[in-house]
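Undergrad: Here it is, the structure in full.
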Amino acid sequence: MFCYQRNFSLPTEVVTAERFWALVRAPYTSELIDGFRQTGDQRLKRKLPAFIFQATFDETTSKGGKTGRWRKQAATRLNGLVVMDVDHVDSPRGVYDSWLKVHDLRALGILLVYVTPSGKGLKIVFKADSRRGNLIDNQHAMARLLGVEVDESCKDASRMSFICKESDILYIDNELFAYENRDFGERYNEAYRLGHSQPTIVTDPAPTGVGNACGGDAADGGAATSLPSRGGAEGGVCAPETYHGVPYQTIVAAWLGDGKVEQGDRHRTSLILADHLRYITDNNARLIERILRQTPFVKQIVEERGEDVAQTVKSAQGYDFLRGIPRRMQQALRAAGALDNSKPGQAAEPDAQSAPAAGNKDVYGALPLDAWARELQEMAEHYPCLRELFLNVHPHKLAAVWFSAAALYGTLMTRAWYRFWYEPELVRRLNYCIFIIGDPGAGKNIVEKFYRKIADPMIQADQCLIDAVNRYKEDRTERTTSTKAQKGEALKRPVVGIRVHPARTATGEFIRHMNAAVETVQGRSLNLHMFSFDAELDNVTKQNKGGDWKDREILELKAFHNEQDGQMYANQESVTGMFNVYWNFIYTGTPYALHRKVNQRNFGTGMSTRLAVIPLPDKGMARRHQQADPSANETLQTWAYRLDKVEGELPIEPLNDETYEWQSARLEIAEFNDDKADRTLLKRIPYYGIGVSLPFILMRHWDEWQQQKTLTMDDRDRRLCRLAMEIQYRCQQFFFGEMAHNYFADQNKEFVQHRRTTRYDDCFRKLPDEFSTQQFMEVFGCSQPAASKAIARFIGDAVVEKVKYGLYRKLMSELP
C-alpha cells in the first residue's frame, strides 16, 4: 500500500482504491490541472494532493507538536514500489504507445503510467527488484529498458508525485493498491532513514577526481559495479565522500560556520552553497545534490515543503564558472583541513573576484574567451550567417563579431516589435548600443567590413534621400546668386528620413530625419531606427565636445529604451516639440577611448548599463592564404535584405522565460550578498539576451515565420539567448564592475547621516522606564504645565504610554 498528502501542512494518509479513484475523478482536480496547463501558474499545481508511491511513514511529531504520519525521510517505511519521472516530453501518449509496441508492461512489473499535471511528462510506478539495488538503481534499470532518462530528483523515498486526472491515466493494474514487498523494505529502510538515497550501483564512469557515486573510483570503464557499504555490510549504505581526504559534510559545516541558517534565508543559502560546491566536486551535479540533501537545513526544507533540490542544483549549474575557488569556500577548506598551502598543488587559487595576476600579459585573459568561442563555433553549425561571419576570424574575436552583426541585423528589423516580461503592455523595439574595444592594431576594421555588407539596405535606401537634400542645398545657393532662379517657385525643404548618420551630424538634422522616418506597419505608426557606425570612438567623443552635435550623450542615453526627449528653441531652423529617440549605434575604439567616454566621474549617468562593451583581443597572425568562400558575402547580404522586410510582433515567450529565470537567479544572489553594484549591472542584460539572439533565431526558423508568423523555439535557441546574456554580464563586470562598486561605496560615504544628540534627547534617555510627572519635571527642569504638555505630546507620538494617573511608561529608550 502507498499513501498521499492532501497538502503540505497535513500528515499522510493511506490510499485505498476507493480513495484513489475519488481523488483523480474529483472536478477540483481537473480544474486545477487544466488551469495549470493553460497558465503555467505553479501555485495551481501546488494546490493538488500528492501521492507518495514508494513508502508509508511511521508516526512522528511535527514542529508544531502535532502527531501524525508526516512525510519525513527519517520515518520512511518502504513498500517495494518505485516511481520514475520522464520529463520534457512533447507527446507523452506517443511515447507510451511506443513502449506498448515493444514491451509487455505487466511483465516489466509496471503497475501505473499517467501523464503529469504539466501535460509534458510521464509517471511510471513499478515493482522494485532488490537485485537491481535501491530505488534510484531500479529507476536506472527501468529507464534503460524503456529508452528514457531518469530524473534524479525522484531518488528519495519521501518523494511526492502530484496527482493526475482520470483521463490522463494511460495504464493501471489493480495490484497497485495491495502490493507490498517487505523484503525490499527491510533491506533498505535504515539506509533511507539515515538520508542515504544515492545509487548503490554505478552504471557510468564518474568524473576524474571525484570517483563514483559513493566516493570510490568507477571501474571497468563504466561497467555496473557494486559500491562498498559502510562497515562492509550489505544494504548499499555508502562511505562518506571526500575532497582531499576530508568529508564533504565537514567542509559544508565549516562553510556554514557557527551561525544558524534562518527561515527565509534557507533557499538562497542552498543556492549559494550549490554554486560553491561546483569548485570542489568537478562540477558534478549528482554529487552536489547528494551533499545538499545531507545538509541539515536543506533536509528541513525538503521535509517541510518538498524543496526541489535537483532544481536548486540545476539553477546553480547555470552560473558562470569562474577561474578560482570563491573566497568563502577557500576559507571553509582551510578551516576543515582540506586546503594546505604548504603542499605542492594545493595552493589556493585566486579568488573569483580578484584581478588578474600581475604577470598576465593579456588583460582579457580574465574572460572565458575560449569557452565562448567553443559555444559560438558550435552554434555556427545551426544558425544562418554565423559561419560566414566567423570565417577567418580568431576564436577570441567571435563574441565581438556576433554582437556587432546582431546589432546590424536587428536594426534592419526595425519594423518589428516584441513584448518583454517586464511591463508586457509596452511595445519593445530592438535597441543596441555596442562598443567594440580592442588595443591599437587589434583588427577593429573587421566590424567596418561587416557594416558595409549588412547595412547595405539602409545605405542604398538613404542614397536617393541624400541626393534630394543636396539638390535642395544647391538650389538655395543658386537663389542667392541668380536673378532668374529667384523668380522661380519657392523652395521647399525635402522631408526625408535619412537613417544612417556619421559622427559629424548636426543635432537638428538628426532630429528632423528621425521624426520623418516613420512608416505605418500593420496599422501601427512606427519610427524607423537611426543608425551610426564609427571606427574611432575618439572621433565620436570629440564631435560631442562642441559644434552642432553637442550634448548627444542625452540622446544616446534615451535611445536604449526609446525614451522621450524634446526641444523648443527660438532658432527658426530647429524642430519644435517632443519626440522619442530611436537610434542604434556601433563604435569601435581603444580602452583609453572607452575610459574617456565612460569613467568613474560619469558612471552614475547609467550609460554603462546600456552599453554592450565587447572586447576584441589582439590575437592571431596575418595569414597569407586565407580561406575563401565566394558565397559568404552574398549570404550575408541576402539575409540583410530579408530581415529588412520583417514586420509585426515577434513571439518570444521562450526567450522571456529564459531571461526571467537567468536574471532572477543572479539578482537573488546579489540580494543575498547585499551587492548593489551587481544588481545595477544585471538590470538591463535580458534586453541584450533577446536582442542579440533574436535575429539569428528568426533566420533559423525563417520558413515557419514566413508561413505562419510563429517561432517554435527549442533548447538550442534558449541556449543562444543565455550565451548572449552571459557574455554581456561578464563583460559588464570586466569593464565596469570596479566602477560600480566604487560608485556605491562613494555614495554611501556621501550620504551617511550622523546623528547629533541634543540635551532634550539626553534628558529623555535619563528618565527611568516608568516615571512620574514629578520625575519628568526634575529631569527636564521644567514646570508642571510644561511637563504635562510634553508628556501628552509623547503619548500622542506613541513614545510613552499612560500606566495610571501621574505614572507613565517609556515605549522606546531613545527618541526617534
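The chains in the C-alpha cells are called A, B, ... from first to last as shown; in each chain the residues are counted from 1, and the ligands are counted from 1 in the order shown.
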Could you give me, as JSON lines, a per-residue list for range 433-454 of chain A showing, wherever an atom lies at most 12 Å from an atom of range 600-607 of chain A, the closest pair of atoms and their distance in Å to one decimal, using only C-alpha atoms and sorting by chain then residue number from low to high?
TA:
{"residue": "A:Cys433", "atom": "CA", "partner": "A:Met607", "partner_atom": "CA", "distance": 9.3}
{"residue": "A:Ile434", "atom": "CA", "partner": "A:Met607", "partner_atom": "CA", "distance": 11.3}
{"residue": "A:Phe435", "atom": "CA", "partner": "A:Met607", "partner_atom": "CA", "distance": 11.6}
Undergrad: Find the residues near Asp678 in chain A: any atom within 10 Å, counting only C-alpha atoms, skip ones fewer than 5 places away on the same chain, and give them as a list in words.
TA: Arg666, Leu667, Ile669, Ala670, Glu671, Asn673, Lys683, Tyr729, Gln732, Gln733, Gly737, Ala740 and His741 of chain A
Undergrad: Go ahead and save the picked residues with N, CA and C atoms, as a CSV table (one decimal), in the first residue's frame.
TA:
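Contents of result-v9.csv, as written:
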chain,number,residue,atom,x,y,z
A,666,ARG,N,20.3,35.4,-10.5
A,666,ARG,CA,21.5,36.2,-10.2
A,666,ARG,C,21.2,37.4,-9.3
A,667,LEU,N,20.0,37.9,-9.5
A,667,LEU,CA,19.5,39.0,-8.6
A,667,LEU,C,19.3,38.5,-7.2
A,669,ILE,N,21.1,36.2,-5.8
A,669,ILE,CA,22.5,36.1,-5.2
A,669,ILE,C,22.9,37.5,-4.8
A,670,ALA,N,22.7,38.5,-5.7
A,670,ALA,CA,23.1,39.8,-5.4
A,670,ALA,C,22.4,40.4,-4.2
A,671,GLU,N,21.1,40.0,-4.1
A,671,GLU,CA,20.4,40.4,-2.9
A,671,GLU,C,20.9,39.8,-1.6
A,673,ASN,N,24.0,38.9,-1.1
A,673,ASN,CA,25.2,39.5,-0.9
A,673,ASN,C,25.1,41.0,-0.5
A,683,LYS,N,20.6,44.6,-14.4
A,683,LYS,CA,19.2,45.0,-14.7
A,683,LYS,C,18.9,45.0,-16.2
A,729,TYR,N,27.1,39.9,-19.4
A,729,TYR,CA,27.3,40.0,-17.9
A,729,TYR,C,28.8,40.1,-17.5
A,732,GLN,N,30.3,43.3,-18.7
A,732,GLN,CA,29.9,44.4,-17.8
A,732,GLN,C,30.8,44.4,-16.5
A,733,GLN,N,30.9,43.2,-16.0
A,733,GLN,CA,31.8,43.1,-14.8
A,733,GLN,C,33.2,43.5,-15.1
A,737,GLY,N,32.7,46.7,-13.5
A,737,GLY,CA,32.5,46.2,-12.2
A,737,GLY,C,33.1,47.0,-11.1
A,740,ALA,N,31.3,50.3,-10.6
A,740,ALA,CA,30.0,50.2,-9.9
A,740,ALA,C,30.2,50.1,-8.4
A,741,HIS,N,31.2,49.3,-8.0
A,741,HIS,CA,31.4,49.1,-6.6
A,741,HIS,C,31.9,50.4,-6.0
Undergrad: Env of range 133-136 of chain A: 8 Å cut, atoms = only C-alpha atoms, seq-sep filter 4 positions within chain, self excluded. Answer as a PyMOL selection string.
TA: chain A and resi 82+128-129+140+152+154-157+188+197-201+236
Undergrad: Could you go through range 362-521 of chain A and tell me which residues DSSP, when run on the backbone, assigns to alpha helix (DSSP H), listing them as an MDAnalysis selection string?
TA: chainID A and resid 369:379 386:389 398:412 445:454 456:479 483:486 507:516
Undergrad: With only C-alpha atoms as the counted atoms, please give the residues lying no more than 10 Å from Met514 in chain A, apart from itself and same-chain residues fewer than 2 positions off, as a list of chain:residue names.
TA: A:Val496, A:Gly497, A:Ile498, A:Arg499, A:Gly508, A:Glu509, A:Phe510, A:Ile511, A:Arg512, A:Ala516, A:Ala517, A:Val518, A:Asn527, A:Leu528, A:His529, A:Met530, A:Phe579, A:Asn580, A:Val581, A:Tyr582, A:Trp583
Undergrad: Deliver the residues from the most recent selection as a file, using N, CA, C and O atoms, as a PDB file, in the first residue's frame.
TA:
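Okay, again20.pdb is ready:
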ATOM      1  N   VAL A 496      12.791  64.170 -45.385  1.00  0.00           N
ATOM      2  CA  VAL A 496      13.455  62.888 -45.658  1.00  0.00           C
ATOM      3  C   VAL A 496      13.828  62.203 -44.350  1.00  0.00           C
ATOM      4  O   VAL A 496      14.249  62.837 -43.385  1.00  0.00           O
ATOM      5  N   GLY A 497      13.673  60.904 -44.329  1.00  0.00           N
ATOM      6  CA  GLY A 497      14.036  60.116 -43.144  1.00  0.00           C
ATOM      7  C   GLY A 497      15.348  59.391 -43.366  1.00  0.00           C
ATOM      8  O   GLY A 497      15.377  58.150 -43.410  1.00  0.00           O
ATOM      9  N   ILE A 498      16.424  60.145 -43.520  1.00  0.00           N
ATOM     10  CA  ILE A 498      17.749  59.531 -43.685  1.00  0.00           C
ATOM     11  C   ILE A 498      18.105  58.828 -42.384  1.00  0.00           C
ATOM     12  O   ILE A 498      18.030  59.411 -41.304  1.00  0.00           O
ATOM     13  N   ARG A 499      18.518  57.574 -42.464  1.00  0.00           N
ATOM     14  CA  ARG A 499      18.689  56.772 -41.245  1.00  0.00           C
ATOM     15  C   ARG A 499      20.143  56.625 -40.808  1.00  0.00           C
ATOM     16  O   ARG A 499      20.405  56.435 -39.613  1.00  0.00           O
ATOM     17  N   GLY A 508      20.079  69.136 -35.042  1.00  0.00           N
ATOM     18  CA  GLY A 508      18.816  69.497 -35.683  1.00  0.00           C
ATOM     19  C   GLY A 508      18.496  68.598 -36.854  1.00  0.00           C
ATOM     20  O   GLY A 508      17.347  68.180 -37.046  1.00  0.00           O
ATOM     21  N   GLU A 509      19.515  68.293 -37.668  1.00  0.00           N
ATOM     22  CA  GLU A 509      19.300  67.411 -38.812  1.00  0.00           C
ATOM     23  C   GLU A 509      18.937  66.004 -38.349  1.00  0.00           C
ATOM     24  O   GLU A 509      18.063  65.348 -38.904  1.00  0.00           O
ATOM     25  N   PHE A 510      19.617  65.531 -37.323  1.00  0.00           N
ATOM     26  CA  PHE A 510      19.345  64.191 -36.802  1.00  0.00           C
ATOM     27  C   PHE A 510      17.891  64.082 -36.344  1.00  0.00           C
ATOM     28  O   PHE A 510      17.187  63.131 -36.684  1.00  0.00           O
ATOM     29  N   ILE A 511      17.442  65.054 -35.573  1.00  0.00           N
ATOM     30  CA  ILE A 511      16.075  65.016 -35.050  1.00  0.00           C
ATOM     31  C   ILE A 511      15.066  65.129 -36.183  1.00  0.00           C
ATOM     32  O   ILE A 511      14.036  64.442 -36.204  1.00  0.00           O
ATOM     33  N   ARG A 512      15.360  65.991 -37.168  1.00  0.00           N
ATOM     34  CA  ARG A 512      14.443  66.148 -38.291  1.00  0.00           C
ATOM     35  C   ARG A 512      14.310  64.835 -39.059  1.00  0.00           C
ATOM     36  O   ARG A 512      13.211  64.418 -39.430  1.00  0.00           O
ATOM     37  N   ALA A 516      11.042  62.181 -39.398  1.00  0.00           N
ATOM     38  CA  ALA A 516      10.500  61.926 -40.736  1.00  0.00           C
ATOM     39  C   ALA A 516      10.502  60.440 -41.080  1.00  0.00           C
ATOM     40  O   ALA A 516       9.721  59.994 -41.936  1.00  0.00           O
ATOM     41  N   ALA A 517      11.374  59.670 -40.437  1.00  0.00           N
ATOM     42  CA  ALA A 517      11.499  58.237 -40.748  1.00  0.00           C
ATOM     43  C   ALA A 517      10.413  57.454 -40.020  1.00  0.00           C
ATOM     44  O   ALA A 517      10.668  56.751 -39.042  1.00  0.00           O
ATOM     45  N   VAL A 518       9.198  57.585 -40.494  1.00  0.00           N
ATOM     46  CA  VAL A 518       8.042  56.937 -39.874  1.00  0.00           C
ATOM     47  C   VAL A 518       7.283  56.163 -40.949  1.00  0.00           C
ATOM     48  O   VAL A 518       7.057  56.671 -42.045  1.00  0.00           O
ATOM     49  N   ASN A 527       8.404  54.571 -35.769  1.00  0.00           N
ATOM     50  CA  ASN A 527       9.640  55.266 -36.111  1.00  0.00           C
ATOM     51  C   ASN A 527      10.694  54.241 -36.502  1.00  0.00           C
ATOM     52  O   ASN A 527      10.940  53.288 -35.763  1.00  0.00           O
ATOM     53  N   LEU A 528      11.315  54.424 -37.646  1.00  0.00           N
ATOM     54  CA  LEU A 528      12.424  53.563 -38.023  1.00  0.00           C
ATOM     55  C   LEU A 528      13.678  54.011 -37.270  1.00  0.00           C
ATOM     56  O   LEU A 528      13.870  55.199 -37.007  1.00  0.00           O
ATOM     57  N   HIS A 529      14.517  53.077 -36.933  1.00  0.00           N
ATOM     58  CA  HIS A 529      15.716  53.404 -36.156  1.00  0.00           C
ATOM     59  C   HIS A 529      16.740  54.164 -36.986  1.00  0.00           C
ATOM     60  O   HIS A 529      17.017  53.804 -38.140  1.00  0.00           O
ATOM     61  N   MET A 530      17.297  55.213 -36.389  1.00  0.00           N
ATOM     62  CA  MET A 530      18.511  55.818 -36.925  1.00  0.00           C
ATOM     63  C   MET A 530      19.671  54.862 -36.621  1.00  0.00           C
ATOM     64  O   MET A 530      19.588  54.036 -35.718  1.00  0.00           O
ATOM     65  N   PHE A 579       9.622  64.265 -28.887  1.00  0.00           N
ATOM     66  CA  PHE A 579       9.862  63.109 -29.746  1.00  0.00           C
ATOM     67  C   PHE A 579      10.503  62.007 -28.912  1.00  0.00           C
ATOM     68  O   PHE A 579      11.084  62.255 -27.857  1.00  0.00           O
ATOM     69  N   ASN A 580      10.371  60.776 -29.391  1.00  0.00           N
ATOM     70  CA  ASN A 580      11.054  59.649 -28.770  1.00  0.00           C
ATOM     71  C   ASN A 580      12.297  59.312 -29.585  1.00  0.00           C
ATOM     72  O   ASN A 580      12.319  59.491 -30.801  1.00  0.00           O
ATOM     73  N   VAL A 581      13.311  58.810 -28.897  1.00  0.00           N
ATOM     74  CA  VAL A 581      14.609  58.583 -29.541  1.00  0.00           C
ATOM     75  C   VAL A 581      14.701  57.138 -30.016  1.00  0.00           C
ATOM     76  O   VAL A 581      14.598  56.210 -29.205  1.00  0.00           O
ATOM     77  N   TYR A 582      14.914  56.971 -31.318  1.00  0.00           N
ATOM     78  CA  TYR A 582      15.104  55.642 -31.918  1.00  0.00           C
ATOM     79  C   TYR A 582      16.443  55.666 -32.641  1.00  0.00           C
ATOM     80  O   TYR A 582      16.566  56.197 -33.751  1.00  0.00           O
ATOM     81  N   TRP A 583      17.445  55.081 -32.005  1.00  0.00           N
ATOM     82  CA  TRP A 583      18.814  55.227 -32.534  1.00  0.00           C
ATOM     83  C   TRP A 583      19.675  54.079 -32.030  1.00  0.00           C
ATOM     84  O   TRP A 583      19.824  53.881 -30.831  1.00  0.00           O
TER      85      TRP A 583
END
Undergrad: Near range 260-271 of chain A, within 8 Å and counting only C-alpha atoms, which residues show up once chain neighbours fewer than 5 positions away are dropped, as number ranges by chain?
TA: A: 292, 297-298, 301, 312-313, 315-316, 668-669, 672
Undergrad: Would you output that residue set with N, CA, C and O atoms, as a PDB file, in the first residue's frame?
TA:
ATOM      1  N   LEU A 292      23.974  18.335  -0.724  1.00  0.00           N
ATOM      2  CA  LEU A 292      22.934  19.245  -0.228  1.00  0.00           C
ATOM      3  C   LEU A 292      21.887  18.494   0.584  1.00  0.00           C
ATOM      4  O   LEU A 292      21.458  18.956   1.648  1.00  0.00           O
ATOM      5  N   PHE A 297      20.013  21.970   7.180  1.00  0.00           N
ATOM      6  CA  PHE A 297      18.978  22.970   6.895  1.00  0.00           C
ATOM      7  C   PHE A 297      18.260  22.672   5.576  1.00  0.00           C
ATOM      8  O   PHE A 297      17.103  23.029   5.388  1.00  0.00           O
ATOM      9  N   VAL A 298      18.954  21.998   4.645  1.00  0.00           N
ATOM     10  CA  VAL A 298      18.295  21.594   3.401  1.00  0.00           C
ATOM     11  C   VAL A 298      17.306  20.465   3.677  1.00  0.00           C
ATOM     12  O   VAL A 298      16.206  20.435   3.131  1.00  0.00           O
ATOM     13  N   ILE A 301      13.954  21.947   4.789  1.00  0.00           N
ATOM     14  CA  ILE A 301      13.028  22.492   3.798  1.00  0.00           C
ATOM     15  C   ILE A 301      12.509  21.396   2.871  1.00  0.00           C
ATOM     16  O   ILE A 301      11.435  21.538   2.294  1.00  0.00           O
ATOM     17  N   THR A 312      17.424  23.310  -7.567  1.00  0.00           N
ATOM     18  CA  THR A 312      18.403  24.232  -6.983  1.00  0.00           C
ATOM     19  C   THR A 312      19.771  24.013  -7.611  1.00  0.00           C
ATOM     20  O   THR A 312      20.471  24.967  -7.986  1.00  0.00           O
ATOM     21  N   VAL A 313      20.166  22.740  -7.722  1.00  0.00           N
ATOM     22  CA  VAL A 313      21.464  22.419  -8.320  1.00  0.00           C
ATOM     23  C   VAL A 313      21.479  22.835  -9.784  1.00  0.00           C
ATOM     24  O   VAL A 313      22.473  23.394 -10.271  1.00  0.00           O
ATOM     25  N   SER A 315      19.848  25.244 -11.185  1.00  0.00           N
ATOM     26  CA  SER A 315      19.981  26.704 -11.261  1.00  0.00           C
ATOM     27  C   SER A 315      21.431  27.117 -11.056  1.00  0.00           C
ATOM     28  O   SER A 315      21.957  27.976 -11.770  1.00  0.00           O
ATOM     29  N   ALA A 316      22.089  26.499 -10.063  1.00  0.00           N
ATOM     30  CA  ALA A 316      23.486  26.837  -9.790  1.00  0.00           C
ATOM     31  C   ALA A 316      24.384  26.457 -10.958  1.00  0.00           C
ATOM     32  O   ALA A 316      25.388  27.125 -11.221  1.00  0.00           O
ATOM     33  N   GLU A 668      18.921  37.226  -7.083  1.00  0.00           N
ATOM     34  CA  GLU A 668      18.736  36.611  -5.772  1.00  0.00           C
ATOM     35  C   GLU A 668      20.079  36.523  -5.040  1.00  0.00           C
ATOM     36  O   GLU A 668      20.172  36.806  -3.837  1.00  0.00           O
ATOM     37  N   ILE A 669      21.122  36.171  -5.765  1.00  0.00           N
ATOM     38  CA  ILE A 669      22.458  36.111  -5.159  1.00  0.00           C
ATOM     39  C   ILE A 669      22.943  37.511  -4.801  1.00  0.00           C
ATOM     40  O   ILE A 669      23.508  37.732  -3.726  1.00  0.00           O
ATOM     41  N   PHE A 672      21.259  38.525  -1.736  1.00  0.00           N
ATOM     42  CA  PHE A 672      21.831  37.813  -0.585  1.00  0.00           C
ATOM     43  C   PHE A 672      23.146  38.454  -0.165  1.00  0.00           C
ATOM     44  O   PHE A 672      23.450  38.573   1.021  1.00  0.00           O
TER      45      PHE A 672
END
Undergrad: Residues at most 9 Å from range 788-802 of chain A, counting only C-alpha atoms, excluding those fewer than 3 positions away in the same chain, as a ChimeraX atom specification?
TA: /A:773,776,783-785,805-816
Undergrad: Distance CA of Asp456 in chain A-CA of Trp639 in chain A, one decimal place?
TA: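 Interatomic distance here is 11.0 Å.
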Undergrad: I'd like to know which of A:Pro654, A:Gly577, A:Gly245, A:Gly566 is closest to Leu694 in chain A, using only C-alpha atoms.
TA: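 Nearest candidate to Leu694 in chain A out of A:Pro654, A:Gly577, A:Gly245, A:Gly566: A:Pro654.
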Undergrad: Counting only C-alpha atoms, which residue out of A:Asn445, A:Thr659, A:Thr680, A:Gln774 sits closest to Tyr422 in chain A?
TA: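 Result for the nearest residue to Tyr422 in chain A: A:Thr659.
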Undergrad: Suppose you want the space between CA of Phe403 in chain A and CA of Leu655 in chain A; what is it in Å?
TA: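 These atoms are spaced 17.2 Å apart.
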Undergrad: Taking only C-alpha atoms into account, which of A:Tyr243, A:Tyr248, A:Phe2, A:Tyr569 comes nearest Ser161 in chain A?
TA: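 Looking only at the distances to Ser161 in chain A, the closest residue turns out to be A:Phe2.
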Undergrad: From the set A:Thr16, A:Gln706, A:Thr480, A:Thr588, which residue has the shortest atom-to-atom contact distance to Phe51 in chain A, counting only C-alpha atoms?
TA: A:Thr16
Undergrad: Could you give me, as a VMD selection string, each residue of range 551-617 of chain A that DSSP assigns to strand (DSSP E) when run on this structure's backbone?
TA: chain A and resid 564 to 567 577 to 580 583 to 589 612 to 615
Undergrad: What separation in Å, quoted to one decimal, exists between CA of Leu465 in chain A and CA of Ala506 in chain A?
TA: 16.7 Å
Undergrad: Between A:Ile110, A:Val148, A:Met777, A:Leu537, which has the minimum distance to Val89 in chain A (counting only C-alpha atoms)?
TA: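 Among A:Ile110, A:Val148, A:Met777, A:Leu537, it is A:Val148 that comes nearest to Val89 in chain A.
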